[in-house]
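Have a look at run-v8.tsv below; it lists TSV, C-alpha atoms and all ligand atoms.
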```tsv
chain	number	residue	atom	x	y	z
A	1	MET	CA	116.53	110.39	96.25
A	2	ALA	CA	117.02	107.64	98.77
A	3	ASP	CA	119.56	108.09	101.53
A	4	ALA	CA	121.78	105.15	100.77
A	5	ARG	CA	123.26	104.13	104.08
A	6	ASN	CA	122.57	100.49	103.53
A	7	SER	CA	123.15	97.93	100.89
A	8	ASP	CA	119.49	97.58	99.84
A	9	ALA	CA	119.20	101.28	99.15
A	10	ILE	CA	122.38	101.27	97.06
A	11	VAL	CA	121.19	98.30	95.01
A	12	HIS	CA	117.86	100.02	94.50
A	13	ASN	CA	119.54	103.28	93.48
A	14	VAL	CA	121.90	101.60	91.01
A	15	ARG	CA	118.93	99.93	89.31
A	16	ALA	CA	117.05	103.22	89.14
A	17	VAL	CA	120.06	105.07	87.66
A	18	LEU	CA	120.66	102.32	85.08
A	19	ASP	CA	116.98	102.46	84.18
A	20	ASN	CA	117.06	106.25	83.81
A	21	ILE	CA	120.14	105.98	81.60
A	22	ARG	CA	118.37	103.42	79.43
A	23	GLN	CA	115.23	105.56	79.12
A	24	ALA	CA	117.23	108.68	78.26
A	25	ALA	CA	119.23	106.79	75.63
A	26	LEU	CA	116.05	105.44	74.05
A	27	ARG	CA	114.47	108.92	74.04
A	28	ALA	CA	117.47	110.15	72.10
A	29	GLY	CA	117.41	107.21	69.69
A	30	ARG	CA	120.66	105.82	71.10
A	31	ARG	CA	121.59	102.31	72.11
A	32	PRO	CA	121.48	102.05	75.93
A	33	GLU	CA	124.71	99.99	75.83
A	34	SER	CA	126.50	102.98	74.34
A	35	VAL	CA	126.41	104.67	77.76
A	36	ARG	CA	128.49	103.46	80.70
A	37	LEU	CA	127.79	104.25	84.32
A	38	ILE	CA	130.71	105.31	86.47
A	39	ALA	CA	129.94	105.26	90.19
A	40	ALA	CA	131.72	108.23	91.79
A	41	THR	CA	133.05	106.90	95.08
A	42	LYS	CA	134.66	109.84	96.90
A	43	THR	CA	133.89	109.64	100.67
A	44	VAL	CA	132.12	106.30	100.09
A	45	SER	CA	133.18	103.35	102.27
A	46	PRO	CA	134.50	100.13	100.73
A	47	ASP	CA	131.39	98.30	102.01
A	48	SER	CA	129.11	100.65	100.11
A	49	VAL	CA	131.28	100.34	97.01
A	50	LEU	CA	130.94	96.55	97.27
A	51	SER	CA	127.15	96.93	97.37
A	52	ALA	CA	127.30	98.92	94.15
A	53	ILE	CA	129.46	96.23	92.57
A	54	ALA	CA	126.95	93.60	93.70
A	55	ALA	CA	124.23	95.65	91.98
A	56	GLY	CA	126.12	95.52	88.69
A	57	VAL	CA	128.39	98.59	88.74
A	58	ARG	CA	131.65	97.83	86.91
A	59	ILE	CA	133.37	101.22	86.76
A	60	LEU	CA	134.38	103.14	89.87
A	61	GLY	CA	135.44	106.77	89.61
A	62	GLU	CA	137.72	108.25	92.26
A	63	SER	CA	138.63	111.91	92.48
A	64	ARG	CA	140.90	111.88	95.52
A	65	LEU	CA	144.08	109.91	95.14
A	66	GLN	CA	144.96	109.48	98.81
A	67	GLU	CA	141.49	108.08	99.40
A	68	ALA	CA	141.51	105.93	96.28
A	69	LEU	CA	144.63	103.89	96.96
A	70	PRO	CA	143.50	102.12	100.16
A	71	LYS	CA	140.02	101.73	98.66
A	72	ILE	CA	141.32	99.99	95.56
A	73	GLU	CA	143.25	97.70	97.88
A	74	ALA	CA	140.19	97.01	100.06
A	75	ILE	CA	137.87	96.31	97.13
A	76	GLY	CA	140.25	93.90	95.45
A	77	ALA	CA	139.73	92.16	92.13
A	78	HIS	CA	136.27	91.67	90.63
A	79	GLU	CA	135.39	90.39	87.18
A	80	GLY	CA	135.53	93.26	84.67
A	81	LEU	CA	136.05	95.96	87.32
A	82	GLU	CA	137.65	99.25	86.23
A	83	TRP	CA	138.85	102.22	88.23
A	84	HIS	CA	138.83	105.64	86.59
A	85	PHE	CA	140.52	108.76	87.94
A	86	ILE	CA	138.05	111.65	87.63
A	87	GLY	CA	139.45	114.37	89.90
A	88	ARG	CA	142.02	117.08	89.38
A	89	LEU	CA	145.44	115.54	88.91
A	90	GLN	CA	148.65	117.27	89.91
A	91	ARG	CA	151.65	116.62	87.72
A	92	ARG	CA	153.71	115.16	90.56
A	93	LYS	CA	150.93	112.62	91.27
A	94	ALA	CA	150.84	111.29	87.70
A	95	LYS	CA	153.34	108.58	88.60
A	96	THR	CA	150.93	107.11	91.16
A	97	VAL	CA	147.90	107.22	88.89
A	98	VAL	CA	149.41	105.80	85.71
A	99	GLY	CA	148.70	102.09	85.34
A	100	ARG	CA	146.42	101.99	88.40
A	101	PHE	CA	143.45	103.54	86.62
A	102	GLN	CA	142.13	102.32	83.27
A	103	LEU	CA	141.12	105.84	82.27
A	104	ILE	CA	142.19	109.27	83.50
A	105	HIS	CA	139.33	111.71	82.80
A	106	SER	CA	141.09	114.87	83.89
A	107	VAL	CA	144.02	115.70	81.63
A	108	ASP	CA	143.95	119.48	81.54
A	109	SER	CA	147.31	120.46	80.09
A	110	LEU	CA	149.91	119.25	77.63
A	111	ASP	CA	152.38	119.38	80.49
A	112	LEU	CA	150.38	116.82	82.47
A	113	ALA	CA	149.90	114.64	79.38
A	114	GLU	CA	153.66	114.65	78.82
A	115	GLU	CA	154.30	113.57	82.40
A	116	ILE	CA	151.71	110.77	82.05
A	117	ASP	CA	153.41	109.73	78.81
A	118	ARG	CA	156.80	109.60	80.52
A	119	ARG	CA	155.49	107.54	83.45
A	120	ALA	CA	153.53	105.22	81.15
A	121	ALA	CA	156.66	104.62	79.08
A	122	GLU	CA	158.55	103.70	82.27
A	123	ALA	CA	155.78	101.26	83.16
A	124	GLY	CA	155.71	99.86	79.63
A	125	ILE	CA	152.04	100.67	79.08
A	126	VAL	CA	149.82	103.01	77.06
A	127	GLN	CA	147.63	105.09	79.39
A	128	ALA	CA	144.12	105.95	78.17
A	129	VAL	CA	143.01	109.50	78.95
A	130	LEU	CA	140.28	112.04	78.34
A	131	VAL	CA	140.96	115.73	77.93
A	132	GLN	CA	139.03	117.83	80.44
A	133	VAL	CA	137.38	120.91	79.00
A	134	ASN	CA	136.38	123.95	81.04
A	135	ILE	CA	133.19	124.08	79.05
A	136	GLY	CA	131.69	127.04	80.93
A	137	ASP	CA	134.94	129.05	80.80
A	138	GLU	CA	134.84	129.40	84.59
A	139	ALA	CA	137.80	131.01	86.34
A	140	THR	CA	137.75	128.53	89.22
A	141	LYS	CA	137.31	125.32	87.26
A	142	GLY	CA	139.86	122.86	85.90
A	143	GLY	CA	140.11	121.97	82.27
A	144	LEU	CA	141.34	123.48	79.04
A	145	ALA	CA	139.55	126.44	77.53
A	146	PRO	CA	137.37	125.19	74.65
A	147	ALA	CA	139.40	127.26	72.20
A	148	ALA	CA	142.61	125.50	73.29
A	149	VAL	CA	141.34	121.94	73.01
A	150	ALA	CA	142.01	121.18	69.33
A	151	GLU	CA	145.67	122.13	69.54
A	152	ALA	CA	146.21	120.29	72.84
A	153	VAL	CA	144.52	117.14	71.56
A	154	ALA	CA	146.67	117.20	68.42
A	155	ALA	CA	149.81	117.45	70.55
A	156	ILE	CA	148.70	114.74	73.00
A	157	LYS	CA	147.94	112.45	70.05
A	158	ASP	CA	151.64	112.52	69.23
A	159	LEU	CA	152.64	111.11	72.64
A	160	PRO	CA	153.40	107.42	72.12
A	161	ASN	CA	152.36	106.17	75.56
A	162	VAL	CA	149.13	108.13	75.91
A	163	SER	CA	145.91	107.27	74.10
A	164	VAL	CA	143.38	110.11	74.06
A	165	ARG	CA	139.86	108.70	73.88
A	166	GLY	CA	137.62	111.71	74.25
A	167	LEU	CA	136.55	114.71	76.29
A	168	MET	CA	135.27	115.27	79.81
A	169	ALA	CA	133.56	118.28	81.37
A	170	VAL	CA	131.86	119.49	84.52
A	171	PRO	CA	129.44	122.28	83.52
A	172	PRO	CA	128.81	125.30	85.78
A	173	LEU	CA	126.92	124.44	88.94
A	174	SER	CA	123.24	125.32	88.80
A	175	THR	CA	120.10	124.62	90.82
A	176	ASP	CA	118.38	123.89	87.52
A	177	PRO	CA	119.54	120.50	86.17
A	178	GLU	CA	118.48	121.40	82.65
A	179	ALA	CA	120.82	124.42	82.66
A	180	ALA	CA	123.68	122.02	81.93
A	181	ARG	CA	122.14	120.85	78.66
A	182	PRO	CA	123.65	123.55	76.40
A	183	TYR	CA	127.09	122.83	77.88
A	184	PHE	CA	126.69	119.11	77.20
A	185	ARG	CA	125.72	119.98	73.63
A	186	ARG	CA	128.74	122.25	73.29
A	187	LEU	CA	131.09	119.50	74.49
A	188	ARG	CA	129.59	117.08	71.99
A	189	GLU	CA	130.00	119.60	69.17
A	190	LEU	CA	133.60	120.15	70.20
A	191	ALA	CA	134.25	116.38	70.15
A	192	LEU	CA	132.58	116.09	66.75
A	193	SER	CA	134.80	118.84	65.40
A	194	LEU	CA	137.77	116.73	66.51
A	195	LEU	CA	136.40	113.42	65.24
A	196	PRO	CA	138.99	113.06	62.49
A	197	GLN	CA	141.38	112.60	65.41
A	198	GLY	CA	139.35	109.68	66.69
A	199	LEU	CA	137.65	111.06	69.78
A	200	GLN	CA	134.72	108.92	70.80
A	201	GLU	CA	134.16	109.15	74.51
A	202	LEU	CA	132.18	111.92	76.16
A	203	SER	CA	132.32	111.88	79.96
A	204	MET	CA	129.61	114.25	81.12
A	205	GLY	CA	126.64	114.29	83.50
A	206	MET	CA	126.44	113.81	87.27
A	207	SER	CA	123.62	112.93	89.69
A	208	GLN	CA	121.35	115.85	88.97
A	209	ASP	CA	121.72	115.99	85.22
A	210	TYR	CA	122.97	112.66	83.84
A	211	ALA	CA	119.74	111.97	81.95
A	212	PHE	CA	120.16	115.24	80.02
A	213	ALA	CA	123.80	114.37	79.39
A	214	VAL	CA	122.76	111.02	77.91
A	215	GLU	CA	120.21	112.76	75.70
A	216	GLU	CA	123.03	115.02	74.51
A	217	GLY	CA	125.43	112.20	73.71
A	218	ALA	CA	127.31	111.20	76.87
A	219	THR	CA	129.08	107.84	76.61
A	220	MET	CA	130.03	107.91	80.31
A	221	VAL	CA	128.12	109.48	83.19
A	222	ARG	CA	129.74	109.97	86.61
A	223	VAL	CA	127.15	109.47	89.33
A	224	GLY	CA	127.79	109.61	93.08
A	225	THR	CA	124.97	111.06	95.19
A	226	ALA	CA	122.15	109.36	93.27
A	227	ILE	CA	123.74	106.00	94.10
A	228	PHE	CA	125.32	106.43	97.52
A	229	GLY	CA	123.28	109.27	99.02
A	230	ALA	CA	124.46	112.70	100.13
A	231	ARG	CA	128.15	113.01	100.98
A	232	HIS	CA	129.27	114.10	104.41
A	233	GLY	CA	132.73	115.61	104.08
A	301	LIG	C1	131.96	113.75	92.84
A	301	LIG	C2	132.06	113.80	91.37
A	301	LIG	C3	131.01	113.37	90.55
A	301	LIG	C4	129.68	112.86	91.09
A	301	LIG	O1	128.92	113.91	91.61
A	301	LIG	P1	127.42	113.65	92.11
A	301	LIG	O2	126.76	114.97	91.99
A	301	LIG	O3	127.51	113.18	93.52
A	301	LIG	O4	126.81	112.63	91.22
A	301	LIG	C5	131.20	113.42	89.18
A	301	LIG	N1	132.34	113.89	88.63
A	301	LIG	C6	133.37	114.32	89.38
A	301	LIG	C7	134.60	114.81	88.71
A	301	LIG	C8	133.27	114.28	90.77
A	301	LIG	O5	134.29	114.72	91.52
```
What would you get if you wrote out this structure as structure tokens?
Amino acid sequence: MADARNSDAIVHNVRAVLDNIRQAALRAGRRPESVRLIAATKTVSPDSVLSAIAAGVRILGESRLQEALPKIEAIGAHEGLEWHFIGRLQRRKAKTVVGRFQLIHSVDSLDLAEEIDRRAAEAGIVQAVLVQVNIGDEATKGGLAPAAVAEAVAAIKDLPNVSVRGLMAVPPLSTDPEAARPYFRRLRELALSLLPQGLQELSMGMSQDYAFAVEEGATMVRVGTAIFGARHG
């Protein structure tokens, strides 16, 4: 993986990631356009983000709110650009996130969804969200337990100013990229079991395993390191 400290490397990396996504989709008999790339921009400078935009990236995923706000400001408006919030979201920060991000990937409780609903109503908008699933049932990880997802989604569906679009997960960390595959499959099966409720989006797969995620049905992959190089801090 290239160390992307300059614009050329970032452009090169974006092309390679898009190509890998396309190949993985085709291997799985899926339309490449059914998968969207989200560039994960935590610790990445605005200049590097601009290079990714120049290379064709249209969705930026931020996981740290205090870092995201000045970055959104610095990047400014670009045709078709979306910001997604992909990190853990505290209830008291919902107010700041609602309306600033087109999609919140990390709704992990009904309580948080209700707060988002309240803030979205105040802003006069409907906020699109994904429900985050703790697909590996890990004690340290955010997200709802798989067994709790159906009930939570049903309740969130009833909130007038929240639109739940799908599920998101971060599988257990492993040195073997393919180890995530069964978790991706499990998330897809969970989403399929909820399909009558209209869930379509599956946000899963990061730098080391996004190709497997696409093979298993991801509609959004969140890729940082493979685009921008290793993070420092
Ligand atoms: C940082 C981050 C990513 C990207 O991770 P990489 O391994 O650098 O691709 C994806 N999802 C979330 C929630 C993140 O915080």
>> Under the rule that all atoms listed in the file are counted, which of A:Glu67, A:Glu216, A:Glu201, A:Asp108 is the nearest residue to A:Ala152?
In response: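 Closest to A:Ala152 of all the choices is A:Asp108.
For A:Asp158, the list of residues within 12 Å, based on all atoms listed in the file and with local chain neighbours fewer than 4 positions off taken out, reads A:Leu110, A:Ala113, A:Glu114, A:Asp117, A:Glu151, A:Ala152, A:Val153, A:Ala154, A:Val162, A:Ser163, A:Val164, A:Gln197.
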Each chain A residue no farther than 6 Å from ligand LIG 301 (chain A), nearest pair in Å, only C-alpha atoms and all ligand atoms, as a tab-separated table:
```
residue	atom	partner	partner_atom	distance
A:Ala40	CA	A:LIG301	C4	5.1
A:Ser63	CA	A:LIG301	O5	5.3
A:Ile86	CA	A:LIG301	C7	4.8
A:Gly87	CA	A:LIG301	C7	5.0
A:Met206	CA	A:LIG301	O4	4.1
A:Ser207	CA	A:LIG301	O4	3.6
A:Arg222	CA	A:LIG301	C5	4.5
A:Val223	CA	A:LIG301	O4	3.7
A:Gly224	CA	A:LIG301	O3	3.6
A:Thr225	CA	A:LIG301	O3	3.7
```
Output C-alpha atoms for every residue in that selection, as a PDB file, in the frame of the given file.
```pdb
ATOM      1  CA  ALA A  40     131.720 108.230  91.790  1.00  0.00           C
ATOM      2  CA  SER A  63     138.630 111.910  92.480  1.00  0.00           C
ATOM      3  CA  ILE A  86     138.050 111.650  87.630  1.00  0.00           C
ATOM      4  CA  GLY A  87     139.450 114.370  89.900  1.00  0.00           C
ATOM      5  CA  MET A 206     126.440 113.810  87.270  1.00  0.00           C
ATOM      6  CA  SER A 207     123.620 112.930  89.690  1.00  0.00           C
ATOM      7  CA  ARG A 222     129.740 109.970  86.610  1.00  0.00           C
ATOM      8  CA  VAL A 223     127.150 109.470  89.330  1.00  0.00           C
ATOM      9  CA  GLY A 224     127.790 109.610  93.080  1.00  0.00           C
ATOM     10  CA  THR A 225     124.970 111.060  95.190  1.00  0.00           C
TER      11      THR A 225
END
```
> What lies within 9 Å of stretch 182-192 of chain A using all atoms listed in the file, ignoring chain neighbours under 5 positions off, as a list in words?
Replying inline: Val133, Ile135, Gly136, Pro146, Val149, Ala150, Gly166, Leu167, Met168, Ala169, Val170, Pro171, Pro172, Leu199, Gln200, Glu201, Leu202, Met204, Gly205, Phe212, Ala213, Glu216, Gly217 and Ala218 of chain A
>> I need every residue sitting at most 12 Å from the point (119.1, 115.1, 86.2) (coordinates as in the file, all atoms listed in the file considered), written as a PyMOL selection string.
In response: chain A and resi 1+17+20-21+24+174-181+204-215+221-223+225-226
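The smallest atom-to-atom distance between A:Leu37 and any of A:Arg119, A:Arg165, A:His84, A:Lys71, using only C-alpha atoms, is found for A:His84.
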> So what do you get for atom CA of A:Val14 versus atom CA of A:Ser106, distance-wise?
Replying inline: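 We find that atom CA of A:Val14 and atom CA of A:Ser106 lie 24.4 Å from each other.
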> Which polymer residues have any atom within 9 Å of an atom of A:Val44, counting all atoms listed in the file, with same-chain residues fewer than 3 positions away left out, as number ranges by chain?
Replying inline: A: 40-41, 47-49, 224, 228, 231
> Counting only C-alpha atoms, what is within 10 Å of A:Phe101, bar same-chain residues fewer than 3 positions away, as JSON, numbers by chain?
Replying inline: {"A": [60, 61, 62, 72, 82, 83, 84, 85, 86, 96, 97, 98, 104, 105, 127, 128, 129]}
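Counting all atoms listed in the file, the residue from A:His232, A:Arg30, A:Arg100, A:Arg92 that sits nearest to A:Glu73 is A:Arg100.
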>> Between A:Ala94, A:Ala28, A:Leu81, A:Ala230, which residue has the minimum interatomic distance to A:Thr43, considering only C-alpha atoms?
In response: A:Ala230
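Nearest-residue note for A:Asp8: choosing from A:Ser51, A:Ser34, A:Gln23, A:Gln132, the minimum distance belongs to A:Ser51, counting all atoms listed in the file.
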Emit as AutoDock Vina command-line options the padded axis-aligned box for all listed atoms of stretch 151-155 of chain A, 3 Å per side, with centre and edge lengths in Å to one decimal.
```
--center_x 147.2 --center_y 119.6 --center_z 70.6 --size_x 11.3 --size_y 11.0 --size_z 10.4
```
> Please, what distance in Å, to one decimal, runs between atom CA of A:Ala55 and atom CA of A:Ala25?
Replying inline: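 Value for the atom CA of A:Ala55-atom CA of A:Ala25 distance: 20.4 Å.
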> atom CA of A:Gly142 and atom CA of A:Ile156 are how many Å apart?
Replying inline: 17.6 Å
> Given the choices A:Ser203, A:Asn134, A:Thr140, A:Thr219, which gets closest to A:Arg36 if the distance is worked out from all atoms listed in the file?
Replying inline: A:Thr219
